[in-house]
file entry_29.txt (compact mmCIF, C-alpha atoms)
# COMPACT_ATOMS: atom_id res chain seq x y z
CA MET A 1 100.22 101.36 89.69
CA GLN A 2 102.92 100.18 87.29
CA THR A 3 104.36 97.01 85.68
CA ARG A 4 107.73 95.37 85.87
CA GLN A 5 108.43 91.85 84.97
CA VAL A 6 111.42 90.93 86.98
CA ILE A 7 113.20 87.77 86.23
CA ILE A 8 115.82 86.23 88.41
CA SER A 9 116.84 82.69 87.64
CA LEU A 10 117.66 80.57 90.63
CA ALA A 11 119.69 77.43 90.04
CA ALA A 12 117.91 74.24 91.10
CA GLY A 13 118.16 73.81 94.82
CA LEU A 14 119.52 77.32 95.43
CA LEU A 15 117.68 79.17 98.20
CA LEU A 16 119.21 82.65 98.16
CA GLY A 17 120.60 84.89 95.48
CA GLY A 18 120.01 84.70 91.75
CA LEU A 19 121.49 85.29 88.37
CA VAL A 20 120.11 88.09 86.23
CA SER A 21 120.21 87.59 82.48
CA ALA A 22 122.57 89.82 80.53
CA ALA A 23 119.63 91.34 78.64
CA SER A 24 117.82 92.19 81.86
CA ALA A 25 120.93 93.58 83.50
CA ALA A 26 121.53 95.83 80.54
CA GLU A 27 118.02 97.26 80.73
CA LYS A 28 118.05 100.74 82.19
CA ALA A 29 116.51 100.93 85.67
CA LEU A 30 113.90 103.58 86.42
CA ASN A 31 113.60 105.59 89.60
CA LYS A 32 110.24 105.99 91.32
CA SER A 33 109.22 109.23 89.62
CA ALA A 34 110.28 108.07 86.16
CA ALA A 35 108.38 104.80 86.57
CA ARG A 36 105.29 106.65 87.74
CA ALA A 37 105.48 109.08 84.82
CA GLN A 38 105.83 106.27 82.30
CA ALA A 39 102.96 104.32 83.86
CA GLU A 40 100.74 107.40 83.71
CA ALA A 41 101.72 107.99 80.08
CA ILE A 42 100.83 104.40 79.17
CA THR A 43 97.46 104.73 80.89
CA GLU A 44 96.71 108.04 79.18
CA GLN A 45 97.60 106.51 75.82
CA ARG A 46 95.16 103.65 76.48
CA LYS A 47 92.47 106.14 77.41
CA ALA A 48 93.05 108.09 74.19
CA GLN A 49 92.77 104.92 72.12
CA LEU A 50 89.62 103.81 73.93
CA ARG A 51 88.10 107.28 73.69
CA GLU A 52 88.31 106.98 69.92
CA SER A 53 87.20 103.35 69.64
CA LEU A 54 84.32 103.52 72.16
CA ALA A 55 82.86 106.93 71.30
CA GLY A 56 80.32 105.60 68.82
CA GLU A 57 79.13 102.76 71.03
CA TRP A 58 78.76 105.03 74.05
CA LYS A 59 76.86 107.64 72.05
CA ASN A 60 74.53 105.00 70.58
CA ARG A 61 73.99 103.37 73.99
CA GLU A 62 74.93 99.93 72.69
CA LEU A 63 78.16 98.06 73.43
CA THR A 64 79.48 95.28 71.22
CA ASN A 65 81.42 92.10 71.92
CA GLY A 66 81.85 89.90 68.86
CA GLU A 67 78.41 88.69 67.81
CA TYR A 68 76.76 90.09 70.94
CA ARG A 69 75.17 93.51 71.43
CA MET A 70 74.32 95.03 74.80
CA LYS A 71 71.99 98.02 74.91
CA PHE A 72 72.10 100.18 78.02
CA TRP A 73 70.27 103.02 79.69
CA ASP A 74 71.99 105.41 82.06
CA THR A 75 71.32 108.54 84.02
CA ILE A 76 73.23 110.75 86.44
CA TYR A 77 71.95 111.29 89.97
CA GLY A 78 73.26 114.07 92.17
CA PRO A 79 75.56 116.79 90.81
CA LYS A 80 75.63 117.05 87.02
CA THR A 81 79.21 118.27 87.16
CA VAL A 82 81.80 115.65 87.99
CA PRO A 83 82.51 115.73 91.76
CA GLU A 84 86.05 116.14 93.02
CA GLY A 85 87.64 112.71 92.97
CA GLY A 86 85.32 111.43 90.26
CA ARG A 87 81.80 110.14 89.95
CA SER A 88 80.46 106.81 91.28
CA LEU A 89 79.18 104.12 88.90
CA TYR A 90 76.34 101.72 89.76
CA ILE A 91 75.88 98.82 87.35
CA SER A 92 72.39 97.37 87.87
CA LEU A 93 71.45 94.00 86.33
CA HIS A 94 67.80 93.22 85.60
CA GLY A 95 65.85 90.03 86.22
CA GLY A 96 64.04 87.73 83.83
CA GLY A 97 66.42 85.17 82.40
CA GLY A 98 65.24 82.25 80.29
CA ALA A 99 62.11 83.94 78.99
CA PRO A 100 60.72 85.60 75.84
CA PRO A 101 62.44 88.88 74.90
CA GLU A 102 59.43 90.95 75.94
CA VAL A 103 59.73 89.61 79.50
CA ASN A 104 63.36 90.64 79.75
CA ASP A 105 62.53 93.98 78.13
CA GLN A 106 59.94 94.58 80.87
CA GLN A 107 62.44 93.60 83.55
CA TRP A 108 64.98 95.99 82.04
CA GLU A 109 62.44 98.82 82.25
CA ASN A 110 61.70 97.91 85.87
CA GLN A 111 65.40 97.93 86.77
CA LYS A 112 65.76 101.48 85.51
CA ARG A 113 63.37 102.65 88.24
CA LEU A 114 64.30 100.26 91.01
CA TYR A 115 67.27 102.05 92.59
CA ARG A 116 68.32 105.69 92.90
CA PRO A 117 71.82 106.52 94.22
CA ALA A 118 72.35 109.86 95.92
CA GLU A 119 75.28 110.45 93.58
CA GLY A 120 76.68 108.79 90.51
CA LEU A 121 76.04 107.28 87.12
CA TYR A 122 73.28 104.67 87.26
CA PHE A 123 73.94 102.23 84.41
CA VAL A 124 71.33 99.62 83.48
CA PRO A 125 72.28 97.23 80.65
CA ARG A 126 69.81 95.08 78.74
CA SER A 127 71.12 91.52 78.68
CA PRO A 128 72.56 90.59 75.26
CA THR A 129 70.66 87.27 75.39
CA ASP A 130 67.49 85.84 76.90
CA SER A 131 69.08 82.77 78.48
CA TRP A 132 68.74 81.78 82.15
CA ASN A 133 72.45 82.46 82.74
CA MET A 134 72.53 85.63 80.69
CA TRP A 135 74.56 87.70 83.18
CA HIS A 136 77.38 85.30 83.95
CA GLN A 137 78.25 83.85 80.57
CA GLU A 138 81.79 84.48 79.36
CA TYR A 139 80.87 87.42 77.15
CA MET A 140 79.83 89.52 80.16
CA ASP A 141 83.35 90.09 81.49
CA ASP A 142 84.42 92.16 78.48
CA PHE A 143 81.07 93.94 78.35
CA LEU A 144 81.42 95.04 81.97
CA ARG A 145 85.06 96.02 81.60
CA LYS A 146 84.21 98.00 78.48
CA ALA A 147 81.34 99.72 80.32
CA ILE A 148 83.64 100.70 83.19
CA ALA A 149 86.32 102.04 80.86
CA ALA A 150 83.79 104.05 78.85
CA ALA A 151 82.20 105.47 82.01
CA VAL A 152 85.64 106.53 83.29
CA ILE A 153 86.54 108.19 79.99
CA PHE A 154 83.23 109.82 79.03
CA GLU A 155 81.52 110.42 82.38
CA GLY A 156 84.37 111.09 84.82
CA VAL A 157 83.79 107.94 86.87
CA ASN A 158 86.34 107.06 89.53
CA PRO A 159 87.42 103.42 88.86
CA ASP A 160 87.69 102.90 92.63
CA LYS A 161 83.98 103.75 93.06
CA VAL A 162 82.33 101.16 90.82
CA TYR A 163 79.45 99.16 92.36
CA ILE A 164 77.42 96.27 90.97
CA LEU A 165 74.02 94.90 91.97
CA GLY A 166 71.32 92.74 90.43
CA TYR A 167 67.82 91.39 91.08
CA SER A 168 66.53 87.84 90.45
CA ALA A 169 68.38 86.63 87.33
CA GLY A 170 70.58 89.68 87.92
CA GLY A 171 71.17 88.30 91.41
CA ASP A 172 72.20 84.98 89.86
CA GLY A 173 74.78 86.94 87.92
CA LEU A 174 75.94 88.80 91.03
CA TYR A 175 76.78 85.59 92.86
CA GLN A 176 79.09 84.73 89.95
CA LEU A 177 80.39 88.13 88.83
CA ALA A 178 81.19 89.56 92.26
CA PRO A 179 83.93 87.02 93.09
CA ARG A 180 85.00 86.52 89.47
CA LEU A 181 85.70 90.25 88.97
CA ALA A 182 86.14 91.22 92.62
CA ASP A 183 89.15 93.39 91.81
CA HIS A 184 86.91 95.66 89.69
CA TRP A 185 84.28 96.51 92.32
CA ALA A 186 84.13 98.71 95.40
CA ALA A 187 81.16 96.70 96.71
CA ALA A 188 78.47 94.33 95.39
CA SER A 189 74.88 93.45 96.32
CA MET A 190 72.89 90.34 95.40
CA MET A 191 69.09 90.54 95.40
CA ALA A 192 66.82 87.45 95.17
CA GLY A 193 69.24 85.36 93.14
CA HIS A 194 70.52 81.78 93.04
CA PRO A 195 74.25 81.09 93.56
CA GLY A 196 74.59 78.08 91.28
CA ASP A 197 78.17 76.88 91.69
CA ALA A 198 79.57 80.24 92.86
CA ARG A 199 82.67 80.16 95.09
CA MET A 200 83.02 82.89 97.73
CA GLU A 201 86.73 82.72 98.62
CA SER A 202 87.68 85.46 96.14
CA LEU A 203 85.46 87.96 98.02
CA ARG A 204 88.08 88.45 100.76
CA ASN A 205 88.60 92.13 99.86
CA LEU A 206 85.16 92.93 98.43
CA PRO A 207 82.18 93.96 100.61
CA PHE A 208 79.22 91.80 99.57
CA ALA A 209 75.54 92.06 100.55
CA ILE A 210 72.78 89.44 100.34
CA TYR A 211 69.09 90.44 100.18
CA MET A 212 66.43 87.74 100.13
CA GLY A 213 62.75 87.20 100.87
CA GLY A 214 62.25 84.58 103.57
CA ARG A 215 59.39 83.08 101.54
CA ASP A 216 61.37 83.04 98.28
CA GLY A 217 61.62 79.26 98.20
CA ALA A 218 61.81 78.69 94.43
CA TYR A 219 65.01 76.79 93.61
CA ASP A 220 65.82 77.01 97.37
CA ARG A 221 66.92 80.62 96.94
CA ASN A 222 66.03 81.52 100.56
CA SER A 223 67.86 78.60 102.18
CA LEU A 224 70.87 79.06 99.91
CA ALA A 225 71.07 82.74 100.84
CA ARG A 226 71.33 81.71 104.50
CA GLN A 227 73.95 79.08 103.64
CA TYR A 228 76.07 81.55 101.69
CA SER A 229 75.83 84.09 104.49
CA THR A 230 77.07 81.45 106.92
CA MET A 231 79.83 80.57 104.49
CA LEU A 232 80.97 84.21 104.52
CA ASP A 233 80.79 84.24 108.33
CA ARG A 234 83.18 81.29 108.46
CA LEU A 235 85.57 82.76 105.90
CA ALA A 236 85.67 86.05 107.85
CA ILE A 237 86.48 84.20 111.08
CA ALA A 238 89.22 82.22 109.36
CA GLU A 239 90.85 85.25 107.71
CA GLY A 240 90.38 87.75 110.53
CA GLU A 241 88.91 91.15 111.24
CA GLY A 242 88.26 93.40 108.26
CA THR A 243 88.01 90.56 105.75
CA TYR A 244 84.98 89.16 103.93
CA ILE A 245 82.87 92.16 104.91
CA HIS A 246 79.26 91.18 104.28
CA ASP A 247 75.74 92.27 105.11
CA THR A 248 72.76 89.89 104.98
CA HIS A 249 69.06 90.76 105.08
CA ILE A 250 66.44 88.01 105.01
CA TYR A 251 62.97 89.61 104.95
CA GLU A 252 60.90 86.79 106.44
CA ASP A 253 57.52 88.18 105.34
CA CYS A 254 58.57 88.68 101.70
CA GLY A 255 58.60 86.40 98.70
CA HIS A 256 60.57 87.10 95.53
CA TRP A 257 59.58 90.77 95.67
CA MET A 258 61.11 92.51 98.68
CA LEU A 259 58.87 95.63 98.63
CA ARG A 260 61.92 97.79 97.82
CA ARG A 261 63.45 97.14 101.22
CA ASP A 262 66.60 96.09 99.38
CA THR A 263 67.16 99.70 98.28
CA ILE A 264 69.19 100.17 101.48
CA ALA A 265 71.95 98.39 99.56
CA ILE A 266 72.79 101.61 97.73
CA PRO A 267 73.96 103.70 100.73
CA TRP A 268 75.57 100.58 102.24
CA MET A 269 77.73 100.09 99.16
CA ALA A 270 78.49 103.80 98.79
CA GLN A 271 80.55 103.82 101.97
CA PHE A 272 83.23 101.63 100.36
CA THR A 273 85.96 102.32 97.83
CA ARG A 274 87.97 99.73 95.94
CA ASN A 275 91.27 98.60 97.38
CA ALA A 276 93.25 97.96 94.20
CA TYR A 277 96.28 96.65 96.13
CA PRO A 278 95.12 94.58 99.10
CA ARG A 279 97.90 93.13 101.23
CA ARG A 280 96.51 89.62 100.92
CA VAL A 281 94.81 88.01 97.94
CA VAL A 282 92.77 84.81 97.87
CA TRP A 283 91.91 83.84 94.31
CA VAL A 284 89.86 80.87 93.14
CA GLN A 285 89.75 80.82 89.34
CA ASP A 286 86.22 80.72 87.92
CA ASP A 287 85.28 78.60 84.91
CA VAL A 288 85.46 81.87 82.98
CA LEU A 289 89.24 82.11 83.10
CA ARG A 290 91.29 85.23 83.80
CA ASP A 291 94.91 86.30 83.39
CA ASN A 292 95.12 88.05 86.73
CA PHE A 293 93.35 88.95 89.95
CA TYR A 294 94.52 92.14 91.70
CA TRP A 295 98.36 91.90 91.62
CA VAL A 296 98.47 88.11 91.15
CA GLY A 297 98.56 86.52 87.70
CA VAL A 298 99.07 83.24 85.87
CA PRO A 299 100.33 82.56 82.33
CA GLU A 300 97.58 81.61 79.91
CA VAL A 301 98.84 78.04 79.57
CA HIS A 302 98.35 77.46 83.32
CA ARG A 303 94.86 78.93 83.73
CA ARG A 304 92.50 76.32 85.15
CA ALA A 305 88.99 76.47 86.63
CA GLY A 306 89.00 75.99 90.40
CA ALA A 307 92.72 76.65 90.83
CA LYS A 308 93.44 78.52 94.06
CA ILE A 309 96.27 80.94 94.84
CA VAL A 310 96.86 82.67 98.18
CA ALA A 311 99.51 85.40 98.32
CA ASP A 312 100.37 88.21 100.70
CA ILE A 313 102.74 91.10 101.21
CA GLN A 314 104.07 92.01 104.65
CA GLY A 315 106.60 94.82 104.74
CA GLN A 316 109.31 93.91 102.21
CA THR A 317 108.29 90.25 102.02
CA VAL A 318 106.18 88.70 99.28
CA ARG A 319 104.89 85.22 100.05
CA ILE A 320 103.03 82.65 98.02
CA GLU A 321 101.21 80.81 100.78
CA ALA A 322 99.62 78.27 98.46
CA SER A 323 99.21 77.74 94.73
CA ASP A 324 97.43 75.18 92.58
CA SER A 325 99.15 76.74 89.59
CA PRO A 326 102.77 75.73 88.85
CA VAL A 327 103.56 79.33 87.85
CA VAL A 328 102.48 82.51 89.64
CA LEU A 329 103.10 86.08 88.48
CA ILE A 330 103.32 88.86 91.06
CA GLY A 331 103.08 92.55 90.15
CA LEU A 332 104.71 95.10 92.45
CA ASN A 333 104.67 98.88 92.56
CA ASP A 334 105.67 101.64 94.94
CA ALA A 335 102.22 101.82 96.51
CA MET A 336 102.64 98.23 97.72
CA ILE A 337 106.31 97.89 98.61
CA ASP A 338 109.52 99.99 98.75
CA LEU A 339 111.17 99.11 95.46
CA ASP A 340 114.30 101.03 96.44
CA LYS A 341 115.01 98.33 99.04
CA PRO A 342 115.59 94.56 98.78
CA VAL A 343 112.50 92.36 98.55
CA THR A 344 112.31 88.85 100.00
CA VAL A 345 110.26 86.27 98.12
CA LEU A 346 108.94 83.17 99.89
CA PHE A 347 107.11 80.12 98.62
CA GLY A 348 105.38 78.63 101.63
CA ASP A 349 108.01 78.93 104.39
CA LYS A 350 111.02 78.70 102.06
CA THR A 351 113.00 81.81 101.12
CA LEU A 352 113.67 81.89 97.40
CA VAL A 353 115.54 85.16 97.03
CA THR A 354 116.29 88.47 98.73
CA LYS A 355 117.13 91.11 96.16
CA ARG A 356 116.38 94.61 95.00
CA PHE A 357 114.22 94.40 91.90
CA ARG A 358 114.72 97.44 89.73
CA ARG A 359 111.86 99.09 87.90
CA SER A 360 111.98 98.84 84.10
CA ALA A 361 110.25 100.35 81.09
CA GLY A 362 110.05 96.91 79.50
CA SER A 363 107.94 95.63 82.37
CA LEU A 364 105.62 98.62 82.20
CA ASN A 365 104.78 97.53 78.66
CA THR A 366 103.98 93.90 79.57
CA PRO A 367 100.97 94.16 81.92
CA LEU A 368 99.55 91.36 84.06
CA ASP A 369 96.06 92.26 82.90
CA ARG A 370 95.91 91.86 79.13
CA SER A 371 92.34 93.09 78.80
CA PRO A 372 92.13 95.89 76.19
CA TYR A 373 89.80 97.74 78.57
CA SER A 374 92.03 97.81 81.63
CA LEU A 375 92.83 101.33 82.84
CA ASP A 376 94.75 100.32 85.95
CA ALA A 377 98.36 101.43 85.65
CA PRO A 378 100.94 98.74 84.83
CA TYR A 379 103.48 97.49 87.37
CA PRO A 380 107.19 98.42 87.17
CA VAL A 381 108.14 95.01 88.62
CA VAL A 382 106.64 91.58 87.88
CA LEU A 383 107.98 88.39 89.42
CA LYS A 384 107.54 84.95 87.94
CA ILE A 385 107.54 82.25 90.62
CA GLU A 386 107.68 78.72 89.30
CA LYS A 387 107.37 75.48 91.21
CA ASN A 388 110.32 73.16 90.70
CA ALA A 389 109.51 69.55 91.53
CA ASN A 390 113.17 68.53 91.18
CA ALA A 391 114.62 71.12 93.51
CA LYS A 392 114.67 71.23 97.29
CA ALA A 393 113.99 74.93 97.09
CA GLY A 394 110.55 74.07 95.78
CA ALA A 395 110.38 77.03 93.40
CA THR A 396 112.43 79.48 91.39
CA VAL A 397 112.01 83.20 90.81
CA THR A 398 112.53 84.54 87.33
CA ARG A 399 112.53 87.89 85.63
CA LEU A 400 110.16 88.18 82.66
call {"tool": "encode", "arguments": {"input": "entry_29.txt", "output": "structure tokens"}}
result
Amino acid sequence: MQTRQVIISLAAGLLLGGLVSAASAAEKALNKSAARAQAEAITEQRKAQLRESLAGEWKNRELTNGEYRMKFWDTIYGPKTVPEGGRSLYISLHGGGGAPPEVNDQQWENQKRLYRPAEGLYFVPRSPTDSWNMWHQEYMDDFLRKAIAAAVIFEGVNPDKVYILGYSAGGDGLYQLAPRLADHWAAASMMAGHPGDARMESLRNLPFAIYMGGRDGAYDRNSLARQYSTMLDRLAIAEGEGTYIHDTHIYEDCGHWMLRRDTIAIPWMAQFTRNAYPRRVVWVQDDVLRDNFYWVGVPEVHRRAGAKIVADIQGQTVRIEASDSPVVLIGLNDAMIDLDKPVTVLFGDKTLVTKRFRRSAGSLNTPLDRSPYSLDAPYPVVLKIEKNANAKAGATVTRL
């Protein structure tokens, strides 16, 4: 869990080898233990800063994001002392949507009682607005990231045991937020929601459940739930065993209210932990744009809604299988690859370079994820892979 931005310039048309800039070459390389220690120090410094800046909001049970305010209610189920390995966090989004405030207030109260984990912090926010798309507007990403960071710092939550679920309008949000922020969750469950324009490809490494009443025909929610389940079936077949894990329950005798049968989602989700470094990443950029997704990133200037990137790591080989972005950033650390050995970088089936990329302190201070609420450790190596339309090689690898 560390950051390195490794830049090797390949001359146009050159397939193997690379020239390292004088500044990069002069930068002192770090060994594995030194890189880990520096990454941990950076993360602890972030935590200390956030502890100070978030203390008031957490105490007052109201998070802020610019002009928006998000009240929340939370309670701890199970042991009051933090379990070994950290506490779980369940973020539970209420229904309502485009309705008077009192309707959404009532739905918020209902959500507080709707689910009860065996263990963990149960966190129920009150939507900052009363709009139909209240849970998947752009402001929600920072609210949720801030909530996770605060729960880690103040409540001992394990960031690899964060779960999200939502009912009705909250389910609408789940369809959007689960793939958009898939690298933040251990598992996600959608209850009685509408997918809108949600894309499912980014769920490759995130277990996702669908709960729906068979008679819940408003806005075609029931038929769309079946369609999205089939979509996940097809994606799982295409990608192979262990991918696109999903669980679908259509309760044929139920309407919009599922008689609490959907509460089985809680133990189903609890069996999973987040894989922060999956070997293969499929990322379709949402219309709420992001800098990175797991260990794959794009520069801000190249972020575009709908752009797809597929990348994988096999042994000592990093491959960009496909990219709609002309520039792809790849973060590497010692949990993913042996950085004491040469790494081969491919774009499609073309080898761009085989080289040992040395860990650096400079890279640890230039993270892929620029969110102020990110607590994942930076990478000691970051590769910049850039398409080159004028070169037979097809792309170049650079060191940031």
call {"tool": "atom_distance", "arguments": {"input": "entry_29.txt", "atom1": "CA of Met134 in chain A", "atom2": "CA of Gln285 in chain A"}}
result
19.9 Å
call {"tool": "closest_residue", "arguments": {"input": "entry_29.txt", "among": "A:Trp108, A:Tyr211, A:Tyr77, A:Tyr122", "to": "His249 in chain A", "atoms": "only C-alpha atoms"}}
result
A:Tyr211
call {"tool": "closest_residue", "arguments": {"input": "entry_29.txt", "among": "A:Val381, A:Met336, A:Met190, A:Leu235", "to": "Thr248 in chain A", "atoms": "only C-alpha atoms"}}
result
A:Met190
call {"tool": "residues_around", "arguments": {"input": "entry_29.txt", "residues": "range 142-148 of chain A", "least_positions_apart": "4", "cutoff": "9 Å", "atoms": "only C-alpha atoms", "output": "PyMOL selection string"}}
result
chain A and resi 54+58+63-65+70+89+91+123+138+152-153+157+159+162+184+371-374
call {"tool": "residues_around", "arguments": {"input": "entry_29.txt", "residues": "Ala361 in chain A", "least_positions_apart": "4", "cutoff": "8 Å", "atoms": "only C-alpha atoms", "output": "list of chain:residue names"}}
result
A:Arg4, A:Lys28, A:Ala29, A:Leu30, A:Ala35, A:Gln38, A:Asn365, A:Pro380
call {"tool": "decode", "arguments": {"input": "entry_29.txt", "residues": "range 272-318 of chain A", "atoms": "C-alpha atoms", "output": "CSV table (one decimal), in the first residue's frame"}}
result
chain,number,residue,atom,x,y,z
A,272,PHE,CA,-16.8,-10.7,2.4
A,273,THR,CA,-13.8,-8.4,2.9
A,274,ARG,CA,-12.6,-5.8,0.5
A,275,ASN,CA,-9.8,-6.8,-1.9
A,276,ALA,CA,-7.9,-3.5,-2.3
A,277,TYR,CA,-5.5,-5.0,-4.9
A,278,PRO,CA,-7.5,-7.3,-7.2
A,279,ARG,CA,-5.4,-8.8,-10.0
A,280,ARG,CA,-7.7,-7.6,-12.7
A,281,VAL,CA,-9.6,-4.3,-12.8
A,282,VAL,CA,-12.5,-3.4,-15.1
A,283,TRP,CA,-13.4,0.3,-14.8
A,284,VAL,CA,-16.1,2.2,-16.6
A,285,GLN,CA,-16.0,5.8,-15.6
A,286,ASP,CA,-19.3,7.2,-14.2
A,287,ASP,CA,-20.6,10.6,-15.1
A,288,VAL,CA,-19.4,11.6,-11.6
A,289,LEU,CA,-15.7,11.5,-12.5
A,290,ARG,CA,-12.9,10.0,-10.5
A,291,ASP,CA,-9.1,10.1,-10.5
A,292,ASN,CA,-8.6,6.4,-9.8
A,293,PHE,CA,-10.2,3.1,-9.4
A,294,TYR,CA,-8.3,0.5,-7.3
A,295,TRP,CA,-4.7,0.7,-8.6
A,296,VAL,CA,-5.6,2.3,-12.0
A,297,GLY,CA,-5.8,6.0,-12.5
A,298,VAL,CA,-6.2,8.7,-15.2
A,299,PRO,CA,-4.9,12.3,-15.2
A,300,GLU,CA,-7.7,14.8,-14.6
A,301,VAL,CA,-7.5,16.2,-18.2
A,302,HIS,CA,-8.4,12.7,-19.6
A,303,ARG,CA,-11.3,11.9,-17.3
A,304,ARG,CA,-14.4,11.2,-19.4
A,305,ALA,CA,-17.8,9.6,-18.6
A,306,GLY,CA,-18.2,6.1,-20.1
A,307,ALA,CA,-14.5,5.6,-20.7
A,308,LYS,CA,-13.4,2.0,-20.1
A,309,ILE,CA,-10.1,0.7,-18.9
A,310,VAL,CA,-9.2,-3.0,-18.4
A,311,ALA,CA,-5.9,-3.9,-16.7
A,312,ASP,CA,-4.4,-6.9,-15.1
A,313,ILE,CA,-1.3,-8.1,-13.3
A,314,GLN,CA,0.0,-11.7,-13.8
A,315,GLY,CA,3.2,-12.5,-12.0
A,316,GLN,CA,5.7,-9.8,-12.9
A,317,THR,CA,3.7,-8.6,-15.9
A,318,VAL,CA,1.4,-5.5,-16.0
